[in-house]
file query.cif (mmCIF, C-alpha atoms)
data_coords
loop_
_atom_site.label_atom_id
_atom_site.label_comp_id
_atom_site.auth_asym_id
_atom_site.auth_seq_id
_atom_site.Cartn_x
_atom_site.Cartn_y
_atom_site.Cartn_z
CA MET H 1 -10.11 38.86 29.51
CA LYS H 2 -12.24 38.51 26.40
CA ASN H 3 -14.82 35.79 26.09
CA GLU H 4 -14.83 33.23 23.30
CA SER H 5 -17.04 35.10 20.86
CA GLU H 6 -15.04 38.30 21.35
CA ILE H 7 -11.79 36.45 20.64
CA ARG H 8 -13.23 34.86 17.50
CA GLN H 9 -14.51 38.22 16.30
CA HIS H 10 -11.16 39.86 17.01
CA LEU H 11 -9.42 37.15 14.95
CA ARG H 12 -11.98 37.60 12.17
CA GLU H 13 -11.39 41.34 12.02
CA TRP H 14 -7.62 40.96 12.01
CA ILE H 15 -7.73 38.36 9.21
CA ALA H 16 -10.13 40.49 7.15
CA HIS H 17 -7.89 43.52 7.59
CA LYS H 18 -4.80 41.55 6.52
CA SER H 19 -6.58 40.03 3.53
CA GLY H 20 -7.04 43.48 2.07
CA SER H 21 -10.13 42.33 0.17
CA LEU H 22 -12.61 40.60 2.49
CA SER H 23 -14.86 42.03 5.16
CA PRO H 24 -15.17 40.23 8.52
CA ASN H 25 -18.64 38.88 7.73
CA GLU H 26 -17.20 37.07 4.68
CA ILE H 27 -14.96 34.96 6.91
CA ALA H 28 -16.71 32.14 8.74
CA ASP H 29 -15.22 30.19 11.62
CA ASP H 30 -14.50 27.28 9.26
CA THR H 31 -13.21 29.30 6.28
CA PRO H 32 -9.77 27.84 5.44
CA ILE H 33 -7.62 30.96 5.65
CA ILE H 34 -4.29 29.50 4.49
CA GLU H 35 -5.66 27.10 1.89
CA ARG H 36 -7.68 29.93 0.26
CA ARG H 37 -4.70 32.23 0.72
CA ILE H 38 -6.82 34.80 2.56
CA ILE H 39 -3.71 34.96 4.72
CA LYS H 40 -0.63 34.74 2.49
CA SER H 41 2.40 32.77 3.55
CA LEU H 42 4.35 35.99 4.12
CA GLN H 43 1.68 37.09 6.63
CA ILE H 44 1.84 33.89 8.68
CA PRO H 45 4.62 35.19 10.97
CA ASP H 46 2.35 38.19 11.69
CA LEU H 47 -0.51 35.84 12.50
CA ILE H 48 1.70 33.85 14.87
CA LEU H 49 2.80 37.09 16.52
CA PHE H 50 -0.81 38.24 16.81
CA VAL H 51 -1.76 35.01 18.59
CA GLU H 52 1.29 35.22 20.86
CA GLU H 53 0.44 38.78 21.86
CA HIS H 54 -3.15 37.90 22.68
CA THR H 55 -2.47 34.69 24.56
CA GLY H 56 0.67 35.93 26.29
CA ARG H 57 2.38 32.66 25.35
CA ALA H 58 5.25 32.12 22.92
CA ILE H 59 4.67 29.70 20.04
CA ASP H 60 7.45 27.29 19.10
CA VAL H 61 7.26 27.29 15.29
CA GLU H 62 9.24 24.05 15.11
CA GLN H 63 6.52 22.26 17.05
CA LEU H 64 3.53 23.52 15.05
CA LYS H 65 1.33 20.76 13.66
CA PRO H 66 -0.56 20.83 10.36
CA GLY H 67 -4.02 22.26 10.66
CA VAL H 68 -3.64 24.39 13.79
CA PHE H 69 -3.96 27.62 11.80
CA ARG H 70 -6.46 26.22 9.31
CA ASN H 71 -9.35 28.49 10.31
CA ILE H 72 -10.65 30.65 13.15
CA ASP H 73 -12.07 27.59 14.86
CA THR H 74 -8.77 25.66 14.94
CA ILE H 75 -6.85 28.76 16.01
CA TYR H 76 -9.26 29.31 18.89
CA ARG H 77 -9.22 25.65 19.97
CA ASN H 78 -5.44 25.27 19.76
CA PHE H 79 -4.31 28.55 21.26
CA PHE H 80 -7.10 30.32 23.14
CA LYS H 81 -9.41 27.71 24.60
CA PRO H 82 -8.81 27.45 28.34
CA VAL H 83 -7.11 24.21 29.35
CA ARG H 84 -9.23 22.33 31.87
CA THR H 85 -7.31 21.57 35.00
CA ASP H 86 -10.00 19.85 37.05
CA GLY H 87 -9.13 16.45 35.64
CA SER H 88 -12.42 16.07 33.83
CA MET G 1 17.09 -6.33 -2.85
CA ALA G 2 20.12 -4.07 -3.22
CA LEU G 3 20.43 -2.74 -6.74
CA ASP G 4 23.88 -3.06 -8.31
CA LEU G 5 23.77 -0.23 -10.83
CA ALA G 6 27.48 -0.46 -11.57
CA ASN G 7 26.99 -3.84 -13.21
CA LEU G 8 23.72 -3.09 -14.90
CA HIS G 9 24.09 -2.75 -18.64
CA GLY G 10 22.73 0.48 -20.06
CA ILE G 11 23.30 2.83 -17.11
CA TYR G 12 26.39 5.04 -17.33
CA TRP G 13 26.92 7.25 -14.32
CA LYS G 14 28.83 10.51 -14.45
CA GLU G 15 30.24 11.87 -11.22
CA ASN G 16 28.86 15.33 -11.98
CA GLY G 17 25.38 14.08 -11.23
CA GLN G 18 24.21 12.88 -14.62
CA THR G 19 23.32 9.54 -16.15
CA ALA G 20 23.47 8.27 -19.70
CA LEU G 21 21.00 5.48 -20.51
CA ALA G 22 20.81 2.84 -23.21
CA GLY G 23 19.30 -0.58 -23.80
CA MET G 24 16.79 -1.97 -21.32
CA PRO G 25 16.89 0.91 -18.78
CA LEU G 26 16.25 3.41 -21.56
CA ALA G 27 13.40 1.29 -22.95
CA ILE G 28 11.77 1.17 -19.51
CA LEU G 29 12.23 4.90 -19.00
CA ARG G 30 10.45 5.54 -22.30
CA LYS G 31 7.72 3.08 -21.49
CA LEU G 32 7.17 4.73 -18.13
CA ASP G 33 6.75 8.10 -19.78
CA ARG G 34 4.25 6.63 -22.25
CA LEU G 35 2.33 5.28 -19.26
CA PHE G 36 2.22 8.77 -17.68
CA VAL G 37 1.09 10.26 -21.00
CA ARG G 38 -1.74 7.70 -21.14
CA TRP G 39 -2.85 8.81 -17.70
CA ALA G 40 -2.67 12.42 -18.88
CA ASP G 41 -4.74 11.53 -21.97
CA GLU G 42 -7.46 10.09 -19.78
CA CYS G 43 -8.16 13.50 -18.26
CA GLY G 44 -7.90 15.11 -21.69
CA ALA G 45 -4.61 16.85 -20.94
CA ALA G 46 -3.07 18.76 -23.84
CA GLU G 47 0.61 18.04 -24.31
CA TYR G 48 3.20 20.83 -24.60
CA ARG G 49 6.91 20.82 -25.20
CA PHE G 50 8.86 23.72 -23.72
CA PRO G 51 12.37 25.09 -24.18
CA VAL G 52 15.11 24.21 -21.74
CA PHE G 53 15.46 27.79 -20.44
CA ILE G 54 12.95 29.77 -18.45
CA GLU G 55 13.23 33.54 -17.99
CA ALA G 56 14.82 34.56 -14.69
CA ARG G 57 12.37 37.48 -14.43
CA GLU G 58 9.47 35.01 -14.44
CA LEU G 59 11.01 32.84 -11.74
CA HIS G 60 11.73 35.97 -9.74
CA LYS G 61 7.95 36.59 -9.56
CA LEU G 62 7.72 33.29 -7.66
CA ASP G 63 10.46 34.36 -5.21
CA TYR G 64 12.36 31.42 -6.65
CA PHE G 65 15.78 32.91 -6.00
CA SER G 66 15.09 33.62 -2.34
CA SER G 67 13.35 30.28 -1.77
CA PHE G 68 15.65 27.97 -3.77
CA PRO G 69 18.99 29.73 -4.50
CA HIS G 70 20.86 26.51 -3.73
CA LEU G 71 19.08 24.62 -6.56
CA ALA G 72 19.39 27.13 -9.41
CA THR G 73 21.53 26.40 -12.49
CA PHE G 74 22.17 29.15 -15.02
CA PRO G 75 23.17 28.99 -18.69
CA VAL G 76 26.23 31.18 -19.15
CA THR G 77 27.76 32.60 -22.32
CA LEU G 78 30.96 34.50 -22.85
CA ASP G 79 31.01 38.23 -23.23
CA SER G 80 30.54 38.65 -26.97
CA SER G 81 32.99 41.46 -27.58
CA PRO G 82 35.53 40.47 -30.27
CA GLU G 83 38.37 41.35 -27.92
CA HIS G 84 37.13 39.05 -25.20
CA LEU G 85 36.33 36.20 -27.60
CA LYS G 86 39.78 36.55 -29.14
CA GLU G 87 41.39 36.51 -25.72
CA PHE G 88 39.32 33.50 -24.63
CA SER G 89 40.09 31.54 -27.78
CA ARG G 90 43.77 32.29 -27.38
CA GLU G 91 43.99 31.47 -23.71
CA ALA G 92 41.08 29.08 -23.28
CA GLY G 93 42.11 26.66 -20.68
CA ILE G 94 40.89 24.36 -18.05
CA ASP G 95 42.61 23.96 -14.73
CA ASP G 96 43.40 20.69 -13.02
CA ALA G 97 40.01 20.65 -11.33
CA GLY G 98 38.25 20.86 -14.72
CA VAL G 99 37.22 24.49 -14.19
CA VAL G 100 36.98 26.59 -17.36
CA ARG G 101 38.58 30.04 -17.16
CA LEU G 102 35.64 31.98 -18.56
CA GLY G 103 36.78 35.52 -18.02
CA LYS G 104 34.07 38.09 -18.71
CA CYS G 105 30.55 36.70 -19.27
CA SER G 106 27.37 38.06 -20.82
CA PRO G 107 24.52 39.04 -18.50
CA VAL G 108 22.50 36.02 -17.37
CA ARG G 109 18.76 36.34 -17.94
CA GLU G 110 17.74 32.69 -18.10
CA VAL G 111 17.61 29.70 -15.79
CA LEU G 112 17.72 26.03 -16.71
CA THR G 113 14.22 24.71 -16.02
CA PRO G 114 13.97 23.64 -12.37
CA ALA G 115 10.39 22.27 -12.54
CA ALA G 116 8.41 21.30 -15.61
CA CYS G 117 5.09 22.92 -14.71
CA TYR G 118 6.44 26.46 -14.21
CA HIS G 119 6.31 26.93 -17.98
CA PHE G 120 2.52 26.60 -17.97
CA TYR G 121 1.90 29.44 -15.51
CA VAL G 122 4.19 31.70 -17.51
CA LEU G 123 2.48 30.69 -20.77
CA PHE G 124 -1.05 31.31 -19.48
CA GLN G 125 -0.09 34.52 -17.72
CA GLY G 126 -2.97 37.03 -17.74
CA ALA G 127 -5.51 34.54 -19.12
CA SER G 128 -9.14 34.33 -18.00
CA LEU G 129 -10.12 30.67 -18.26
CA GLU G 130 -13.62 29.76 -19.39
CA SER G 131 -13.07 26.19 -18.28
CA SER G 132 -10.43 24.34 -16.33
CA LEU G 133 -7.19 23.49 -18.14
CA TYR G 134 -5.62 20.03 -18.15
CA LEU G 135 -2.04 20.00 -19.38
CA THR G 136 1.01 17.81 -19.51
CA THR G 137 4.66 18.20 -20.35
CA VAL G 138 7.95 16.47 -19.80
CA ALA G 139 11.16 18.36 -19.13
CA THR G 140 14.75 17.80 -18.30
CA CYS G 141 14.96 19.60 -14.98
CA PHE G 142 18.09 20.99 -13.35
CA ARG G 143 18.69 21.19 -9.61
CA ARG G 144 22.10 21.59 -8.09
CA GLU G 145 22.33 19.35 -5.02
CA ALA G 146 24.86 18.83 -2.24
CA TYR G 147 25.50 15.28 -3.45
CA TYR G 148 24.38 13.04 -6.29
CA ARG G 149 23.47 9.39 -6.70
CA PRO G 150 22.72 7.54 -9.95
CA LEU G 151 19.02 7.71 -10.85
CA GLU G 152 18.12 8.76 -7.30
CA ARG G 153 19.53 12.29 -7.09
CA GLN G 154 20.83 13.90 -10.24
CA TRP G 155 21.80 17.40 -11.33
CA ASN G 156 19.51 16.92 -14.28
CA PHE G 157 16.64 14.50 -14.47
CA THR G 158 13.39 13.86 -16.32
CA MET G 159 10.17 15.20 -14.85
CA ARG G 160 6.75 14.43 -16.34
CA GLU G 161 3.91 16.52 -14.98
CA ILE G 162 0.14 16.53 -15.36
CA VAL G 163 -1.33 19.88 -14.39
CA CYS G 164 -4.79 21.30 -13.71
CA ILE G 165 -5.56 25.03 -13.57
CA GLY G 166 -9.12 25.84 -12.50
CA THR G 167 -11.27 26.44 -9.43
CA ALA G 168 -10.23 24.99 -6.07
CA GLU G 169 -12.84 22.25 -6.44
CA GLU G 170 -11.74 21.34 -9.99
CA VAL G 171 -8.12 21.08 -8.91
CA LYS G 172 -8.88 19.05 -5.79
CA GLU G 173 -11.00 16.63 -7.80
CA PHE G 174 -8.20 16.28 -10.37
CA LEU G 175 -5.61 15.55 -7.69
CA ALA G 176 -7.87 13.08 -5.87
CA SER G 177 -8.60 11.14 -9.05
CA HIS G 178 -4.90 10.86 -9.87
CA ARG G 179 -4.08 9.72 -6.38
CA ALA G 180 -6.75 7.02 -6.65
CA ARG G 181 -5.34 5.93 -10.02
CA LEU G 182 -1.81 5.76 -8.63
CA GLU G 183 -2.97 3.72 -5.63
CA ARG G 184 -4.61 1.23 -7.99
CA PHE G 185 -1.46 1.05 -10.11
CA PHE G 186 0.90 0.45 -7.18
CA SER G 187 -1.42 -2.21 -5.86
CA LYS G 188 -1.64 -3.90 -9.26
CA ILE G 189 2.12 -4.14 -9.76
CA ASP G 190 2.80 -4.70 -6.05
CA LEU G 191 5.18 -1.79 -5.56
CA PRO G 192 5.30 -0.84 -1.88
CA ILE G 193 5.16 2.92 -1.45
CA ALA G 194 4.11 5.34 1.28
CA TRP G 195 2.22 8.61 0.91
CA GLN G 196 3.93 11.27 2.99
CA ASN G 197 3.24 14.94 3.57
CA ALA G 198 6.29 16.93 2.55
CA THR G 199 7.51 20.47 2.04
CA ASP G 200 9.45 21.93 -0.85
CA PRO G 201 13.25 22.00 -0.36
CA PHE G 202 13.46 25.64 0.77
CA PHE G 203 16.75 27.35 1.50
CA ASP G 204 17.07 28.15 5.22
CA PRO G 205 13.56 26.78 5.79
CA SER G 206 12.99 27.81 9.40
CA ARG G 207 13.25 31.46 8.35
CA ASN G 208 11.02 31.10 5.30
CA PRO G 209 7.31 31.88 5.83
CA LYS G 210 6.48 29.71 2.82
CA PHE G 211 8.01 26.71 4.54
CA ILE G 212 5.99 27.47 7.68
CA ALA G 213 2.84 27.80 5.53
CA GLN G 214 3.51 24.39 3.94
CA LYS G 215 4.03 22.85 7.38
CA LEU G 216 0.79 24.32 8.69
CA ASP G 217 -1.26 23.48 5.63
CA PRO G 218 0.45 20.63 3.75
CA VAL G 219 0.09 20.97 0.00
CA LYS G 220 2.63 18.39 -1.15
CA THR G 221 2.16 14.66 -0.79
CA GLU G 222 5.10 12.57 -1.89
CA ILE G 223 5.07 9.01 -3.19
CA VAL G 224 7.91 7.50 -1.23
CA PHE G 225 9.68 4.27 -2.15
CA GLY G 226 12.00 2.42 0.22
CA GLY G 227 11.36 4.79 3.08
CA GLU G 228 13.15 7.81 1.62
CA LEU G 229 13.04 8.12 -2.15
CA ALA G 230 10.25 10.38 -3.45
CA ILE G 231 9.44 9.05 -6.92
CA GLY G 232 6.66 11.54 -7.44
CA SER G 233 4.37 13.99 -5.73
CA ILE G 234 0.88 15.39 -5.75
CA ASN G 235 0.87 19.14 -5.24
CA PHE G 236 -1.92 21.59 -4.51
CA HIS G 237 -0.58 25.10 -5.15
CA ARG G 238 -3.71 26.83 -3.86
CA ASN G 239 -4.05 30.03 -5.95
CA PHE G 240 -0.37 30.97 -5.67
CA PHE G 241 0.45 30.69 -9.38
CA GLY G 242 -2.94 32.08 -10.43
CA GLU G 243 -2.39 35.16 -8.33
CA THR G 244 1.28 35.58 -9.23
CA PHE G 245 0.68 35.31 -12.97
CA GLY G 246 -2.80 36.87 -13.14
CA ILE G 247 -4.56 33.70 -14.30
CA ARG G 248 -8.31 33.98 -13.59
CA ARG G 249 -11.08 31.43 -13.32
CA GLU G 250 -14.67 32.30 -12.46
CA GLY G 251 -13.68 35.85 -11.60
CA GLU G 252 -10.99 34.91 -9.09
CA ALA G 253 -7.33 33.99 -9.11
CA ALA G 254 -7.16 30.45 -10.51
CA PHE G 255 -6.10 27.50 -8.38
CA SER G 256 -3.68 24.92 -9.68
CA GLY G 257 -2.22 21.56 -8.88
CA CYS G 258 0.10 19.06 -10.44
CA VAL G 259 1.05 15.42 -10.36
CA ALA G 260 4.80 15.11 -10.86
CA PHE G 261 6.78 12.01 -11.75
CA GLY G 262 10.56 11.78 -11.36
CA VAL G 263 11.08 9.33 -14.19
CA GLU G 264 14.63 8.18 -13.34
CA ARG G 265 13.51 7.59 -9.76
CA TRP G 266 10.63 5.43 -10.98
CA LEU G 267 13.18 3.46 -12.99
CA PHE G 268 15.32 3.06 -9.85
CA ALA G 269 12.34 1.95 -7.74
CA LEU G 270 11.17 -0.62 -10.29
CA LEU G 271 14.66 -2.00 -10.85
CA SER G 272 15.21 -2.22 -7.09
CA ARG G 273 11.89 -3.91 -6.44
CA PHE G 274 11.75 -6.37 -9.31
CA GLY G 275 15.27 -6.66 -10.74
CA PRO G 276 16.06 -6.21 -14.43
CA ASP G 277 14.83 -9.63 -15.51
CA ASN G 278 11.47 -9.60 -13.77
CA LEU G 279 10.90 -6.07 -14.93
CA ARG G 280 10.74 -7.24 -18.53
CA VAL G 281 7.84 -9.48 -17.57
CA LEU G 282 6.23 -6.90 -15.37
CA GLU G 283 6.12 -4.17 -17.97
CA SER G 284 3.62 -6.22 -19.97
CA LEU G 285 1.14 -5.25 -17.23
CA TRP G 286 1.30 -1.53 -18.00
#
call {"tool": "encode", "arguments": {"input": "query.cif", "output": "structure tokens"}}
result
Amino acid sequence: MKNESEIRQHLREWIAHKSGSLSPNEIADDTPIIERRIIKSLQIPDLILFVEEHTGRAIDVEQLKPGVFRNIDTIYRNFFKPVRTDGS
Amino acid sequence: MALDLANLHGIYWKENGQTALAGMPLAILRKLDRLFVRWADECGAAEYRFPVFIEARELHKLDYFSSFPHLATFPVTLDSSPEHLKEFSREAGIDDAGVVRLGKCSPVREVLTPAACYHFYVLFQGASLESSLYLTTVATCFRREAYYRPLERQWNFTMREIVCIGTAEEVKEFLASHRARLERFFSKIDLPIAWQNATDPFFDPSRNPKFIAQKLDPVKTEIVFGGELAIGSINFHRNFFGETFGIRREGEAAFSGCVAFGVERWLFALLSRFGPDNLRVLESLW
């Protein structure tokens, strides 16, 4: 299982590769990837698939809320961050 | 207050989704458009007037026909061969349902304008902008719908748009200032509206990545009257049109945004809210 910084870096590299023009170090954790069209709308299904493959959980597109794919930070927090189960 | 359009002088509804206007409703419609032009003037917007048709090949660049096939309306002409024209003129007829027997038609290369601002991105195709552009136009727009209602949902309707093409920051500032202006206006005339995130009316939306993109990163905010009628919208297109049409600003694909007003819907909202008599008084405030 990858740690948080490895997951963020993996996302960064995938997004840079898909952008076709940016290198990973040009994409910060808060860079808005859809708003700036670094990821085009036609690539969003690929992004969803990428997240599904790496979390092992299916994403219900109907239930997606605005902002969850805004940047690397929101993607990590909404899909990868471990859910605390100790009640705290 | 329920609006009784059937008994309102100056509004003549046609069942095919169109309205003829005269008298007071027409005067208010014109006054509304002058109000929108004043707002456009304040940001220095240059006014343009475009033809009714837009080239299908330009709309195709926007994936218009895969995203909105259900809305498109095409101008059609008869095949121009003398034989066909002779045959048509001899046998021209309309069936009981009002359908014209066209026979052979010429190739269709045009579309009746579905949104006023598209013309700008086509016009400025390939341009490198030294400063942001502020533009306005009004168009009769055509959208085939599943049903029609007078003033509220028409096959053709009047759309006034104010457009900015520039950097992301220039466009966001433009949209924010227009939203603030609209909020002040609605407050001044006491018209209750709600601002709601919305998506464009895509065909088969759940299968369209553009619809999913708009859900994830809302770019359209509608001005909603009476809980369901969008009388206008504020739209941030990101750099979609800049990239599609090669419009550049500061070395990158330009961003764009527009403020759109559905003029007949504004007329409906004002008539519903204030009634025809009070509206005469109210319009002195504009």
call {"tool": "resolve_selection", "arguments": {"input": "query.cif", "expression": "the PyMOL selection byres ((chain G) within 9 of (chain H))", "output": "list in words"}}
result
Ala168, Ser206, Asn208, Pro209, Lys210, Phe211, Ile212, Ala213, Gln214, Lys215, Leu216, Asp217, Pro218, Val219, His237, Arg238, Asn239 and Phe240 of chain G
call {"tool": "resolve_selection", "arguments": {"input": "query.cif", "expression": "the PyMOL selection byres ((chain H and resi 51) around 12)", "output": "MDAnalysis selection string"}}
result
chainID H and resid 7:8 10:11 14:15 44:50 52:59 68:69 72 75:76 78:80
call {"tool": "write_last_selection", "arguments": {"input": "query.cif", "atoms": "C-alpha atoms", "output": "compact mmCIF listing (two decimals), keeping the file's coordinate frame"}}
result
# COMPACT_ATOMS: atom_id res chain seq x y z
CA ILE H 7 -11.79 36.45 20.64
CA ARG H 8 -13.23 34.86 17.50
CA HIS H 10 -11.16 39.86 17.01
CA LEU H 11 -9.42 37.15 14.95
CA TRP H 14 -7.62 40.96 12.01
CA ILE H 15 -7.73 38.36 9.21
CA ILE H 44 1.84 33.89 8.68
CA PRO H 45 4.62 35.19 10.97
CA ASP H 46 2.35 38.19 11.69
CA LEU H 47 -0.51 35.84 12.50
CA ILE H 48 1.70 33.85 14.87
CA LEU H 49 2.80 37.09 16.52
CA PHE H 50 -0.81 38.24 16.81
CA GLU H 52 1.29 35.22 20.86
CA GLU H 53 0.44 38.78 21.86
CA HIS H 54 -3.15 37.90 22.68
CA THR H 55 -2.47 34.69 24.56
CA GLY H 56 0.67 35.93 26.29
CA ARG H 57 2.38 32.66 25.35
CA ALA H 58 5.25 32.12 22.92
CA ILE H 59 4.67 29.70 20.04
CA VAL H 68 -3.64 24.39 13.79
CA PHE H 69 -3.96 27.62 11.80
CA ILE H 72 -10.65 30.65 13.15
CA ILE H 75 -6.85 28.76 16.01
CA TYR H 76 -9.26 29.31 18.89
CA ASN H 78 -5.44 25.27 19.76
CA PHE H 79 -4.31 28.55 21.26
CA PHE H 80 -7.10 30.32 23.14
call {"tool": "resolve_selection", "arguments": {"input": "query.cif", "expression": "the PyMOL selection byres ((chain G and resi 137) around 8)", "output": "NGL selection string"}}
result
:G and (47-50 or 116-117 or 135-136 or 138-139 or 160-162)
call {"tool": "axis_aligned_box", "arguments": {"input": "query.cif", "around": "segment 30-37 of chain H", "padding_each_side": "6 Å", "output": "AutoDock Vina command-line options"}}
result
--center_x -9.4 --center_y 29.7 --center_z 4.8 --size_x 22.2 --size_y 17.1 --size_z 21.0
call {"tool": "atom_distance", "arguments": {"input": "query.cif", "atom1": "atom CA of Glu83 of chain G", "atom2": "atom CA of Gly98 of chain G"}}
result
24.4 Å
call {"tool": "residues_around", "arguments": {"input": "query.cif", "residues": "Gly251 of chain G", "least_positions_apart": "6", "cutoff": "12 Å", "atoms": "only C-alpha atoms", "output": "list in words"}}
result
Ala127, Ser128, Leu129, Glu130, Ser131, Gly166, Thr167, Gly242 and Glu243 of chain G
call {"tool": "atom_distance", "arguments": {"input": "query.cif", "atom1": "atom CA of Leu112 of chain G", "atom2": "atom CA of Gln18 of chain G"}}
result
14.8 Å
call {"tool": "residues_around", "arguments": {"input": "query.cif", "residues": "Val122 of chain G", "least_positions_apart": "2", "cutoff": "12 Å", "atoms": "all atoms listed in the file", "output": "CSV table (one decimal) with C-alpha atoms, keeping the file's coordinate frame"}}
result
chain,number,residue,atom,x,y,z
G,50,PHE,CA,8.9,23.7,-23.7
G,54,ILE,CA,13.0,29.8,-18.4
G,55,GLU,CA,13.2,33.5,-18.0
G,56,ALA,CA,14.8,34.6,-14.7
G,57,ARG,CA,12.4,37.5,-14.4
G,58,GLU,CA,9.5,35.0,-14.4
G,59,LEU,CA,11.0,32.8,-11.7
G,60,HIS,CA,11.7,36.0,-9.7
G,61,LYS,CA,8.0,36.6,-9.6
G,62,LEU,CA,7.7,33.3,-7.7
G,116,ALA,CA,8.4,21.3,-15.6
G,117,CYS,CA,5.1,22.9,-14.7
G,118,TYR,CA,6.4,26.5,-14.2
G,119,HIS,CA,6.3,26.9,-18.0
G,120,PHE,CA,2.5,26.6,-18.0
G,124,PHE,CA,-1.0,31.3,-19.5
G,125,GLN,CA,-0.1,34.5,-17.7
G,126,GLY,CA,-3.0,37.0,-17.7
G,127,ALA,CA,-5.5,34.5,-19.1
G,241,PHE,CA,0.4,30.7,-9.4
G,242,GLY,CA,-2.9,32.1,-10.4
G,243,GLU,CA,-2.4,35.2,-8.3
G,244,THR,CA,1.3,35.6,-9.2
G,245,PHE,CA,0.7,35.3,-13.0
G,246,GLY,CA,-2.8,36.9,-13.1
G,247,ILE,CA,-4.6,33.7,-14.3
call {"tool": "build_atoms", "arguments": {"input": "query.cif", "residues": "segment 67-83 of chain G", "atoms": "N, CA and C atoms", "output": "JSON list (two decimals), in the coordinates of the input"}}
result
[["chain", "number", "residue", "atom", "x", "y", "z"],
["G", 67, "SER", "N", 13.79, 31.56, -2.35],
["G", 67, "SER", "CA", 13.35, 30.28, -1.77],
["G", 67, "SER", "C", 14.30, 29.13, -2.10],
["G", 68, "PHE", "N", 14.85, 29.13, -3.32],
["G", 68, "PHE", "CA", 15.65, 27.97, -3.77],
["G", 68, "PHE", "C", 16.98, 28.37, -4.43],
["G", 69, "PRO", "N", 17.74, 29.31, -3.84],
["G", 69, "PRO", "CA", 18.99, 29.73, -4.50],
["G", 69, "PRO", "C", 19.97, 28.57, -4.65],
["G", 70, "HIS", "N", 19.91, 27.62, -3.74],
["G", 70, "HIS", "CA", 20.86, 26.51, -3.73],
["G", 70, "HIS", "C", 20.61, 25.54, -4.89],
["G", 71, "LEU", "N", 19.41, 25.58, -5.49],
["G", 71, "LEU", "CA", 19.08, 24.62, -6.56],
["G", 71, "LEU", "C", 19.34, 25.19, -7.96],
["G", 72, "ALA", "N", 19.40, 26.50, -8.08],
["G", 72, "ALA", "CA", 19.39, 27.13, -9.41],
["G", 72, "ALA", "C", 20.64, 26.81, -10.23],
["G", 73, "THR", "N", 20.43, 26.60, -11.53],
["G", 73, "THR", "CA", 21.53, 26.40, -12.49],
["G", 73, "THR", "C", 21.29, 27.37, -13.65],
["G", 74, "PHE", "N", 22.33, 28.12, -14.00],
["G", 74, "PHE", "CA", 22.17, 29.15, -15.02],
["G", 74, "PHE", "C", 22.96, 28.82, -16.29],
["G", 75, "PRO", "N", 22.39, 29.11, -17.46],
["G", 75, "PRO", "CA", 23.17, 28.99, -18.69],
["G", 75, "PRO", "C", 24.03, 30.25, -18.85],
["G", 76, "VAL", "N", 25.29, 30.05, -19.10],
["G", 76, "VAL", "CA", 26.23, 31.18, -19.15],
["G", 76, "VAL", "C", 26.88, 31.23, -20.52],
["G", 77, "THR", "N", 27.00, 32.44, -21.08],
["G", 77, "THR", "CA", 27.76, 32.60, -22.32],
["G", 77, "THR", "C", 28.85, 33.63, -22.11],
["G", 78, "LEU", "N", 29.84, 33.57, -22.96],
["G", 78, "LEU", "CA", 30.96, 34.50, -22.85],
["G", 78, "LEU", "C", 30.54, 35.90, -23.28],
["G", 79, "ASP", "N", 31.17, 36.87, -22.73],
["G", 79, "ASP", "CA", 31.01, 38.23, -23.23],
["G", 79, "ASP", "C", 31.33, 38.22, -24.73],
["G", 80, "SER", "N", 30.43, 38.84, -25.51],
["G", 80, "SER", "CA", 30.54, 38.65, -26.97],
["G", 80, "SER", "C", 31.45, 39.66, -27.66],
["G", 81, "SER", "N", 32.11, 40.50, -26.92],
["G", 81, "SER", "CA", 32.99, 41.46, -27.58],
["G", 81, "SER", "C", 34.12, 40.72, -28.29],
["G", 82, "PRO", "N", 34.48, 41.16, -29.50],
["G", 82, "PRO", "CA", 35.53, 40.47, -30.27],
["G", 82, "PRO", "C", 36.83, 40.34, -29.48],
["G", 83, "GLU", "N", 37.11, 41.39, -28.69],
["G", 83, "GLU", "CA", 38.37, 41.35, -27.92],
["G", 83, "GLU", "C", 38.34, 40.20, -26.91]]
